[in-house]
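**Q** Next up is a structure, given as structure tokens.
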Amino acid sequence: MSQPKFRRSLVAIAITSVMMMPAMAQQADTAASDEFKGLERIEVTARRKTENLQEVPVSVSSFSANDLEEVGVEDITELQQRVPNATIQVSRGTNSTLTAYIRGVGQQDPLWGFEPGVGVYIDDVYVARPQGAVLEVFDLERIEVLRGPQGTLYGKNTIGGAVKYVTKELTGYNELSVQGTVGSFNQRDLKLSGQTALSDNFFVGGALASLQRDGFGEFRNTGEENYNKDLMTGRLSAKWLATEDLSVKFSYDKTKDESNSKGGHRLVTSLVTGQTPYDNVYDSNTAMPTDNLVETEGYSMVVDWDINANWGFKSVTARREGYTNTNIDFNSTGEPIFMVPAIYEDDQTTQEFQLNYSNNDNFDFVGGVYFYDGEACGVFGTVLPMYLAALGGVTIDNGGCVQTDSVALFGQGNYRFTDQLTLTLGGRYTKDEKEADVSRITYLGVHYINRDDQNIGTPFAVNSDFTTKADWSRFSPHVALNYKLNDDMMVYGSYSNGFKSGGVDMRADQSLNPTISEPYDPEIVDTFEVGMKSELMDGMMRLNASVFYSDYQDMQVTVQRVVPSGVSSQVLNAGQATVQGFEVESVIALSDTFNITAMLGHIDAEFDSVVYTEPATGDTTDVTNAWSFANTPEWTGSLGFNKTFDTEVGQIVWSANYSYRGKTQMFEAPSMLDQGSYSLVNTSLVWYQNGGNWHVGLHGKNLTDEEYRVGGYNFGPTFGDDAIVAYYGDPRTVSLTVGYKF
């Protein structure tokens with residue numbers, strides 16, 4: 001079937017399903033028992049307070065721990081199949097670096113010092129870097145995905161949206177659970193979690209997960225595994241109820257990922273070795289060690305104080321650190337042609353003070369001040385072919401640090417004119433200061449920055465050596481008006497502004513571009529949204545929809561090209577763009593044991609004006625009509641069901657989901673890497689013992705064994721060969737999970 005016809009079919013199916021739901025619900029209502037109370041209430045903290053999802057004038061998807069357990073979700077990237085207009089994927093080259101886009105806004109380049117467009121939060125603590133941000137699902141309360149700029153309450157770098165990972169709350173009850181999983185490619189997972197009370201007012205808890213899997217393929221020239229998984233992660237927490245009105249929670253988490261660095265699948269025949277593309281897209285070759293280490297660690301302290309019946313105070317103090325040591329063979333032939341060893345280090349300290357007010361009548365408010373102090377450092381070497389220099393090759397090292405100091409003052413209030421009409425006004429003023437130092441040195445010989453035994457290069461030329469400073473300030477307003485047509489339906493309109501911080505190109509080469517030390521500017525997004533949230537047919541159907549229009553200014557685009565002396569890089573503020581579209585999410589309970597879910601997202605994203613300036617010559621090229629948005633398919637959709645069977649030995653829950661993604665362009669310019677439209681089919685069967693102690697789950701994912709690209713590199717003719725390699729999503733897998741709760 002052709003893609004246009006398939007798109008029309010998908011839209012027709014989705015629209016027909018939504019239109020049929022009220023009639024189906026009416027039939028189900030007749031057949032349902034008198035005890036059926038409708039869909040469960042979903043609570044979210046999208047506006048920094050606990051609210052009913054249906055009363056929040058924000059586009060947000062929420063997934064509880066039970067929701068994710070029933071379908072076997074292992075990490076946050078699987079939410080991509082269930083969230084409209086979202087790209088949440090593992091970045092190229094590693095298992096734990098995140099590529100996140102929402103409504104066309106994200107971060108293409110995971111280099112240190114660059115800023116994300118989608119904010120990731122762990123229990124109200126901002127995670128500034130994508131390394132280690134592919135969060136595993138364990139010891140979880142829920143995950144919320146907020147779409148559209150969240151600049152007022154969540155600050156800079158949330159212009160696409162935010163992902164909130166909310167860990168399980170400490171209650172003081174004695175709990176202990178053990179869960180083991182075995183599956184395809186020798187998957188061997190073990191998860192432990194528990195909590196208890198050491199006294200009437202002091203609770204402790206912890207969780208530990210070991211996640212192991214053999215590779216989907218191998219490095220054929222070395223025999224090492226490719227796309228394997230070797231990860232340990234854990235969390236400790238404690239909660240002190242100092243008084244009836246004051247609590248203090250301490251948290252610590254650490255993740256260590258020692259999975260091999262990933263080898264790419266060559267899309268073209270090598271001009272050097274004659275290697276043709278392998279049939280197994282997970283097979284590769286490498287001229288580098290496959291050693292890879294990603295470590296993240298975080299500490300936090302949250303103080304909650306109910307000052308009185310109306311006022312509350314909250315303090316969130318946190319520190320996070322990250323370290324990455326990896327190897328990327330861009331050429332993937334086994335010959336030392338284009339190799340990049342890299343080390344990234346970052347740390348951040350954040351402090352947020354919140355003041356909350358509610359008179360339980362017609363007004364509530366949350367406001368405060370936020371401080372961020374972070375440093376991101378890194379160094380990588382571009383190791384080039386031996387024949388480029390008589391001394392045995394050429395190495396170009398890039399290194400440096402970015403220090404960021406940020407302070408923000410924010411506030412947002414809701415005023416209820418009547419029981420039906422509510423006005424929301426908010427704003428955030430942010431001041432960002434950055435200082436960056438960048439060095440770029442050319443060595444004769446091999447200069448492995450992460451291997452002393454191969455660090456034999458001799459400095460030959462200094463391409464860059466500079467320090468630069470910049471500061472930006474921005475006021476981000478938000479206004480929304482929502483009206484309750486009745487107890488079951490609310491409509492709203494909103495305007496939101498957000499900005500993504502500017503920065504410095506850490507790959508800067510002054511010998512090619514003397515002005516490259518000048519910082520690039522922040523991105524700005526203004527979004528207008530109209531939406532509806534409804535619960536129909538006596539609470540048996542939930543239907544939420546929104547239409548949005550975004551004015552996207554000064555989009556940051558990394559442009560890299562091969563030159564005789566290496567790879568030239570430049571970060572552009574790519575003019576103006578317009579992003580518009582719609583989103584529909586629905587769930588219907590056909591009975592108290594049978595639910596159907598549907599999701600549909602559409603984006604029309606276009607550059608309005610983009611002019612590229614050639615660094616060496618100053619020549620300009622208008623690429624407005626040649627470029628398209630990266631990682632932004634025009635259509636996303638899913639359709640699924642959940643059926644519960646009551647038996648004498650417990651409940652059996654059968655679920656299945658079909659998801660569709662339209663054609664996706666990997667970079668702004670079209671390339672061989674672009675992924676055509678594809679579909680994924682998953683199904684799960686979970687048994688819960690009466691009494692709730694045992695559960696057993698059988699999960700099948702990507703049942704049609706679809707091959708689909710999620711990233712890659714496209715350098716064309718590079719040092720005598722083409723470096724066009726792709727990275728792929730998981731193949732078909734089947735797993736069996738057994739868990740016991742004491």
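Labeling convention for the structure tokens: chains A, B, ... as they appear, residues from 1 per chain, ligands from 1 in order of appearance.
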Just want the 8 Å neighbourhood of Arg507 in chain A, counted on only C-alpha atoms, with same-chain residues fewer than 4 positions away dropped. Output as a PDB file with C-alpha atoms, in the first residue's frame.
**A**
```pdb
ATOM      1  CA  ASN A 398      38.375  19.253  20.464  1.00  0.00           C
ATOM      2  CA  GLY A 399      37.927  20.073  24.122  1.00  0.00           C
ATOM      3  CA  VAL A 438      37.284  25.887  23.504  1.00  0.00           C
ATOM      4  CA  ARG A 440      41.122  22.490  18.934  1.00  0.00           C
ATOM      5  CA  SER A 568      34.001  21.731   9.961  1.00  0.00           C
ATOM      6  CA  SER A 569      31.137  22.533  12.332  1.00  0.00           C
ATOM      7  CA  GLN A 570      28.840  25.516  12.686  1.00  0.00           C
TER       8      GLN A 570
END
```
**Q** Could you go through range 334-433 of chain A and tell me which residues DSSP, when run on the backbone, assigns to strand (DSSP E or B), listing them as number ranges by chain?
**A** A: 339-358, 363-384, 394-416, 421-433
**Q** Restricting the output to C-alpha atoms, write the selected residues as a compact mmCIF listing (two decimals), in the first residue's frame.
**A**
```txt
# COMPACT_ATOMS: atom_id res chain seq x y z
CA MET A 339 37.41 7.24 14.59
CA VAL A 340 36.23 9.38 17.50
CA PRO A 341 37.04 8.54 21.13
CA ALA A 342 35.20 10.92 23.49
CA ILE A 343 34.87 11.83 27.16
CA TYR A 344 32.06 13.96 28.61
CA GLU A 345 31.73 15.19 32.20
CA ASP A 346 29.06 17.37 33.72
CA ASP A 347 27.79 18.46 37.10
CA GLN A 348 24.93 20.67 38.21
CA THR A 349 23.66 22.12 41.46
CA THR A 350 20.10 23.43 41.58
CA GLN A 351 17.99 25.13 44.21
CA GLU A 352 14.31 25.93 43.94
CA PHE A 353 12.12 27.66 46.50
CA GLN A 354 8.35 27.53 45.96
CA LEU A 355 5.56 29.37 47.74
CA ASN A 356 2.02 28.09 47.26
CA TYR A 357 -1.27 29.74 48.15
CA SER A 358 -4.86 28.56 47.94
CA PHE A 363 -7.78 31.68 43.76
CA ASP A 364 -4.58 29.67 43.96
CA PHE A 365 -0.98 30.55 43.18
CA VAL A 366 2.47 28.96 42.91
CA GLY A 367 5.62 30.99 42.58
CA GLY A 368 9.24 31.04 43.55
CA VAL A 369 12.87 31.41 42.59
CA TYR A 370 15.20 28.95 40.88
CA PHE A 371 19.02 28.79 40.80
CA TYR A 372 21.16 26.65 38.47
CA ASP A 373 24.95 26.29 38.57
CA GLY A 374 26.34 23.79 36.08
CA GLU A 375 29.50 22.89 34.23
CA ALA A 376 29.70 20.66 31.17
CA CYS A 377 33.12 19.58 29.93
CA GLY A 378 34.33 17.25 27.26
CA VAL A 379 37.03 16.27 24.83
CA PHE A 380 36.91 14.15 21.71
CA GLY A 381 39.49 13.21 19.14
CA THR A 382 38.92 12.79 15.42
CA VAL A 383 41.47 10.11 14.47
CA LEU A 384 42.02 10.15 10.71
CA VAL A 394 46.41 12.82 11.92
CA THR A 395 44.34 13.43 15.06
CA ILE A 396 42.22 16.54 15.72
CA ASP A 397 41.25 17.03 19.36
CA ASN A 398 38.38 19.25 20.46
CA GLY A 399 37.93 20.07 24.12
CA GLY A 400 36.59 22.61 26.55
CA CYS A 401 34.08 23.48 29.24
CA VAL A 402 30.89 25.51 29.50
CA GLN A 403 30.00 27.10 32.83
CA THR A 404 26.35 28.11 33.15
CA ASP A 405 24.83 30.22 35.92
CA SER A 406 21.11 30.80 35.75
CA VAL A 407 18.55 32.41 38.01
CA ALA A 408 14.81 32.63 37.47
CA LEU A 409 11.84 34.22 39.20
CA PHE A 410 8.45 32.68 38.39
CA GLY A 411 4.80 32.71 39.35
CA GLN A 412 1.47 31.42 38.08
CA GLY A 413 -2.02 31.92 39.46
CA ASN A 414 -5.53 30.68 38.72
CA TYR A 415 -8.56 32.90 39.34
CA ARG A 416 -12.04 31.39 39.14
CA LEU A 421 -14.72 30.13 34.06
CA THR A 422 -11.06 30.22 35.19
CA LEU A 423 -8.25 32.51 34.13
CA THR A 424 -4.59 31.45 34.44
CA LEU A 425 -1.80 34.02 34.31
CA GLY A 426 1.88 33.27 34.73
CA GLY A 427 5.34 34.40 33.86
CA ARG A 428 8.99 33.61 34.40
CA TYR A 429 12.00 35.89 34.16
CA THR A 430 15.28 34.05 33.50
CA LYS A 431 18.83 35.38 33.43
CA ASP A 432 21.45 33.07 31.88
CA GLU A 433 25.22 33.62 32.01
```
**Q** CA of Met541 in chain A to CA of Val681 in chain A: how many Å, to one decimal?
**A**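 A separation of 24.0 Å between them.
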**Q** Figure out the distance between CA of Val127 in chain A and CA of Leu680 in chain A, please, to one decimal in Å.
**A**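 For CA of Leu680 in chain A relative to CA of Val127 in chain A, the distance reads 29.5 Å.
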**Q** So, counting only C-alpha atoms, which residue among A:Gly194, A:Pro519, A:Pro477, A:Gly104 is closest to Ser177 in chain A?
**A**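 Selected residue with least distance to Ser177 in chain A: A:Gly194.
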**Q** Calculated over only C-alpha atoms, which of the candidates A:Ser546, A:Asn513, A:Thr636, A:Ser91 has the smallest distance to Val60 in chain A?
**A**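 Distance minimum relative to Val60 in chain A lands on A:Ser546.
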**Q** If you count only C-alpha atoms, which residues fall within 9 Å of Asn52 in chain A, apart from same-chain ones fewer than 4 positions away, as a compact mmCIF listing (two decimals) with N, CA and C atoms, in the first residue's frame?
**A**
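Written output follows (result.txt):
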```
# COMPACT_ATOMS: atom_id res chain seq x y z
N ARG A 41 -9.94 8.10 37.85
CA ARG A 41 -9.43 9.47 37.89
C ARG A 41 -7.91 9.44 37.77
N ILE A 42 -7.35 10.31 36.95
CA ILE A 42 -5.90 10.41 36.77
C ILE A 42 -5.43 11.73 37.36
N GLU A 43 -4.49 11.64 38.29
CA GLU A 43 -3.95 12.84 38.90
C GLU A 43 -2.56 13.13 38.33
N VAL A 44 -2.30 14.41 38.07
CA VAL A 44 -1.03 14.85 37.53
C VAL A 44 -0.54 16.06 38.31
N THR A 45 0.75 16.35 38.16
CA THR A 45 1.34 17.54 38.79
C THR A 45 1.93 18.46 37.73
N VAL A 56 -6.94 20.22 33.84
CA VAL A 56 -5.70 20.95 33.58
C VAL A 56 -5.69 21.42 32.13
```
**Q** If we count only C-alpha atoms, what is near Gly503 in chain A at a cut-off of 10 Å, once residues fewer than 2 positions away on the same chain are taken out, given as a list in words?
**A**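 Once the nearby chain positions are removed, what remains is Gly113, Phe114, Glu115, Val402, Thr404, Glu433, Lys434, Glu435, Ala436, Thr468, Lys469, Ala470, Asp471, Trp472, Lys500, Ser501, Asp505, Met506, Glu518, Pro519, Tyr520, Asp521, Pro522, Gln556 and Val571 of chain A.
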**Q** Excluding Gly640 in chain A and any residue of its chain fewer than 4 positions from it, enumerate the residues within 12 Å of it, using only C-alpha atoms, and give them as a short mmCIF file (atom, residue, chain, number, x, y, z; two decimals) with N, CA, C and O atoms, in the first residue's frame.
**A**
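Final output, saved to around_15.cif:
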```cif
data_model
loop_
_atom_site.label_atom_id
_atom_site.label_comp_id
_atom_site.auth_asym_id
_atom_site.auth_seq_id
_atom_site.Cartn_x
_atom_site.Cartn_y
_atom_site.Cartn_z
N ALA A 14 -8.95 6.31 12.59
CA ALA A 14 -8.95 7.04 13.86
C ALA A 14 -10.21 7.87 14.03
O ALA A 14 -10.85 7.87 15.09
N SER A 17 -13.18 5.68 14.54
CA SER A 17 -13.18 5.11 15.88
C SER A 17 -13.69 6.11 16.91
O SER A 17 -14.50 5.79 17.78
N VAL A 71 1.97 -3.55 30.03
CA VAL A 71 2.43 -3.66 28.64
C VAL A 71 3.94 -3.87 28.57
O VAL A 71 4.52 -3.88 27.48
N GLN A 81 5.55 5.41 21.38
CA GLN A 81 4.46 4.74 20.69
C GLN A 81 3.08 5.14 21.22
O GLN A 81 2.07 4.78 20.61
N ARG A 82 3.05 5.88 22.32
CA ARG A 82 1.78 6.18 22.97
C ARG A 82 1.52 7.66 23.19
O ARG A 82 0.50 8.03 23.76
N GLU A 585 -6.42 12.22 22.01
CA GLU A 585 -6.21 11.06 22.86
C GLU A 585 -7.56 10.62 23.43
O GLU A 585 -8.34 11.46 23.88
N SER A 586 -7.81 9.32 23.41
CA SER A 586 -9.10 8.84 23.90
C SER A 586 -8.97 7.46 24.49
O SER A 586 -8.12 6.65 24.08
N VAL A 587 -9.79 7.19 25.48
CA VAL A 587 -9.93 5.85 26.04
C VAL A 587 -11.41 5.63 26.32
O VAL A 587 -12.12 6.54 26.77
N ILE A 588 -11.88 4.44 26.01
CA ILE A 588 -13.29 4.11 26.24
C ILE A 588 -13.39 2.77 26.94
O ILE A 588 -12.70 1.82 26.59
N PHE A 594 -13.06 -4.16 29.71
CA PHE A 594 -12.57 -4.02 28.35
C PHE A 594 -12.44 -2.54 27.99
O PHE A 594 -13.42 -1.81 27.94
N ASN A 595 -11.19 -2.10 27.77
CA ASN A 595 -10.89 -0.72 27.40
C ASN A 595 -10.27 -0.66 26.01
O ASN A 595 -9.50 -1.55 25.63
N ILE A 596 -10.57 0.40 25.28
CA ILE A 596 -9.93 0.69 24.00
C ILE A 596 -9.27 2.06 24.10
O ILE A 596 -9.88 3.01 24.60
N THR A 597 -8.03 2.16 23.63
CA THR A 597 -7.31 3.43 23.64
C THR A 597 -6.97 3.83 22.21
O THR A 597 -6.72 2.97 21.36
N ALA A 598 -6.94 5.13 21.95
CA ALA A 598 -6.59 5.63 20.62
C ALA A 598 -5.84 6.94 20.77
O ALA A 598 -6.10 7.72 21.70
N MET A 599 -4.91 7.17 19.87
CA MET A 599 -4.12 8.40 19.85
C MET A 599 -3.84 8.77 18.41
O MET A 599 -3.57 7.91 17.57
N TRP A 654 -5.10 -9.10 29.08
CA TRP A 654 -4.55 -9.19 27.73
C TRP A 654 -4.60 -7.80 27.10
O TRP A 654 -5.66 -7.15 27.08
N SER A 655 -3.49 -7.33 26.61
CA SER A 655 -3.44 -6.02 25.97
C SER A 655 -2.65 -6.11 24.67
O SER A 655 -1.80 -6.98 24.50
N ALA A 656 -2.96 -5.21 23.76
CA ALA A 656 -2.25 -5.14 22.48
C ALA A 656 -2.27 -3.70 22.00
O ALA A 656 -3.18 -2.93 22.34
N ASN A 657 -1.27 -3.33 21.21
CA ASN A 657 -1.17 -1.97 20.72
C ASN A 657 -0.55 -1.96 19.33
O ASN A 657 0.41 -2.68 19.05
N TYR A 658 -1.15 -1.15 18.47
CA TYR A 658 -0.62 -0.91 17.12
C TYR A 658 -0.25 0.57 17.04
O TYR A 658 -1.08 1.44 17.35
N SER A 659 0.99 0.86 16.67
CA SER A 659 1.43 2.26 16.56
C SER A 659 1.98 2.52 15.17
O SER A 659 2.58 1.64 14.55
N TYR A 660 1.79 3.75 14.72
CA TYR A 660 2.22 4.16 13.38
C TYR A 660 3.00 5.45 13.46
O TYR A 660 2.65 6.36 14.22
N LEU A 680 4.47 -0.59 14.37
CA LEU A 680 4.90 -1.58 15.35
C LEU A 680 3.68 -2.19 16.02
O LEU A 680 2.69 -1.50 16.28
N VAL A 681 3.75 -3.49 16.28
CA VAL A 681 2.66 -4.22 16.92
C VAL A 681 3.22 -4.92 18.16
O VAL A 681 4.21 -5.64 18.09
N ASN A 682 2.59 -4.69 19.30
CA ASN A 682 2.99 -5.30 20.57
C ASN A 682 1.79 -5.97 21.22
O ASN A 682 0.64 -5.55 21.01
N THR A 683 2.05 -6.98 22.03
CA THR A 683 0.97 -7.59 22.81
C THR A 683 1.53 -8.14 24.11
O THR A 683 2.72 -8.47 24.19
N SER A 684 0.69 -8.19 25.13
CA SER A 684 1.09 -8.67 26.45
C SER A 684 -0.03 -9.47 27.08
O SER A 684 -1.22 -9.20 26.85
#
```
**Q** Which one is closest to Val118 in chain A: A:Thr87, A:Ser247, A:Gln275, A:Asn157? Count only C-alpha atoms.
**A**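 For Val118 in chain A, the nearest of the candidates is A:Asn157.
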**Q** Which residues are near Ser332 in chain A? Cut-off 9 Å, only C-alpha atoms, ignore same chain within fewer than 4 positions. Put them as a PyMOL selection string.
**A** chain A and resi 263-266+284-287+328+337-339+723+725
**Q** Would you mind exporting C-alpha atoms of the selected residues as a short mmCIF file (atom, residue, chain, number, x, y, z; two decimals), in the first residue's frame?
**A**
```cif
data_model
loop_
_atom_site.label_atom_id
_atom_site.label_comp_id
_atom_site.auth_asym_id
_atom_site.auth_seq_id
_atom_site.Cartn_x
_atom_site.Cartn_y
_atom_site.Cartn_z
CA GLY A 263 28.43 0.12 15.72
CA GLY A 264 26.48 1.59 12.82
CA HIS A 265 25.07 -0.22 9.79
CA ARG A 266 26.72 0.96 6.58
CA SER A 284 28.99 -3.91 12.13
CA ASN A 285 32.78 -3.64 12.14
CA THR A 286 35.04 -1.42 14.18
CA ALA A 287 38.65 -0.31 14.28
CA ILE A 328 32.48 5.96 17.90
CA ILE A 337 39.61 5.79 8.74
CA PHE A 338 37.31 7.99 10.85
CA MET A 339 37.41 7.24 14.59
CA ALA A 723 30.67 7.52 6.30
CA VAL A 725 25.83 4.68 8.86
#
```
**Q** Quick one: residues within 6 Å of Met540 in chain A, only C-alpha atoms, excluding same-chain residues fewer than 2 positions away - as a CSV table (one decimal) with C-alpha atoms, in the first residue's frame?
**A**
```
chain,number,residue,atom,x,y,z
A,38,GLY,CA,-16.4,4.4,34.8
A,39,LEU,CA,-12.7,5.3,34.1
A,537,MET,CA,-21.2,8.5,28.6
A,538,ASP,CA,-21.3,8.6,32.4
A,588,ILE,CA,-13.3,4.1,26.2
A,589,ALA,CA,-14.5,1.5,28.7
```
**Q** Going by DSSP on the backbone, which residues of range 108-310 of chain A come out as alpha helix (DSSP H)? List them as a PyMOL selection string.
**A** chain A and resi 151-154
**Q** Keeping only all heavy atoms, write the selected residues as an mmCIF file, in the first residue's frame.
**A**
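Result file again20.cif:
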```cif
data_model
loop_
_atom_site.group_PDB
_atom_site.id
_atom_site.type_symbol
_atom_site.label_atom_id
_atom_site.label_comp_id
_atom_site.auth_asym_id
_atom_site.auth_seq_id
_atom_site.Cartn_x
_atom_site.Cartn_y
_atom_site.Cartn_z
ATOM 1 N N GLY A 151 7.671 27.013 29.808
ATOM 2 C CA GLY A 151 8.657 27.946 30.327
ATOM 3 C C GLY A 151 8.289 28.619 31.632
ATOM 4 O O GLY A 151 9.164 28.971 32.409
ATOM 5 N N THR A 152 6.997 28.806 31.897
ATOM 6 C CA THR A 152 6.618 29.541 33.104
ATOM 7 C C THR A 152 6.945 28.761 34.373
ATOM 8 O O THR A 152 7.575 29.284 35.293
ATOM 9 C CB THR A 152 5.112 29.877 33.070
ATOM 10 O OG1 THR A 152 4.848 30.686 31.927
ATOM 11 C CG2 THR A 152 4.710 30.631 34.322
ATOM 12 N N LEU A 153 6.544 27.507 34.436
ATOM 13 C CA LEU A 153 6.738 26.717 35.650
ATOM 14 C C LEU A 153 7.985 25.842 35.607
ATOM 15 O O LEU A 153 8.513 25.470 36.652
ATOM 16 C CB LEU A 153 5.515 25.841 35.915
ATOM 17 C CG LEU A 153 4.226 26.591 36.296
ATOM 18 C CD1 LEU A 153 3.093 25.615 36.507
ATOM 19 C CD2 LEU A 153 4.435 27.437 37.546
ATOM 20 N N TYR A 154 8.457 25.509 34.408
ATOM 21 C CA TYR A 154 9.592 24.587 34.308
ATOM 22 C C TYR A 154 10.851 25.233 33.731
ATOM 23 O O TYR A 154 11.893 24.603 33.676
ATOM 24 C CB TYR A 154 9.195 23.366 33.472
ATOM 25 C CG TYR A 154 8.180 22.511 34.175
ATOM 26 C CD1 TYR A 154 6.816 22.722 33.988
ATOM 27 C CD2 TYR A 154 8.570 21.520 35.057
ATOM 28 C CE1 TYR A 154 5.875 21.956 34.646
ATOM 29 C CE2 TYR A 154 7.638 20.748 35.722
ATOM 30 C CZ TYR A 154 6.286 20.971 35.510
ATOM 31 O OH TYR A 154 5.363 20.213 36.173
#
```
**Q** Pick the closest to Val178 in chain A from A:Thr255, A:Ser193, A:Gln576, A:Gln651: which is it, counting only C-alpha atoms?
**A**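 Of A:Thr255, A:Ser193, A:Gln576, A:Gln651, the one nearest Val178 in chain A, counting only C-alpha atoms, is A:Ser193.
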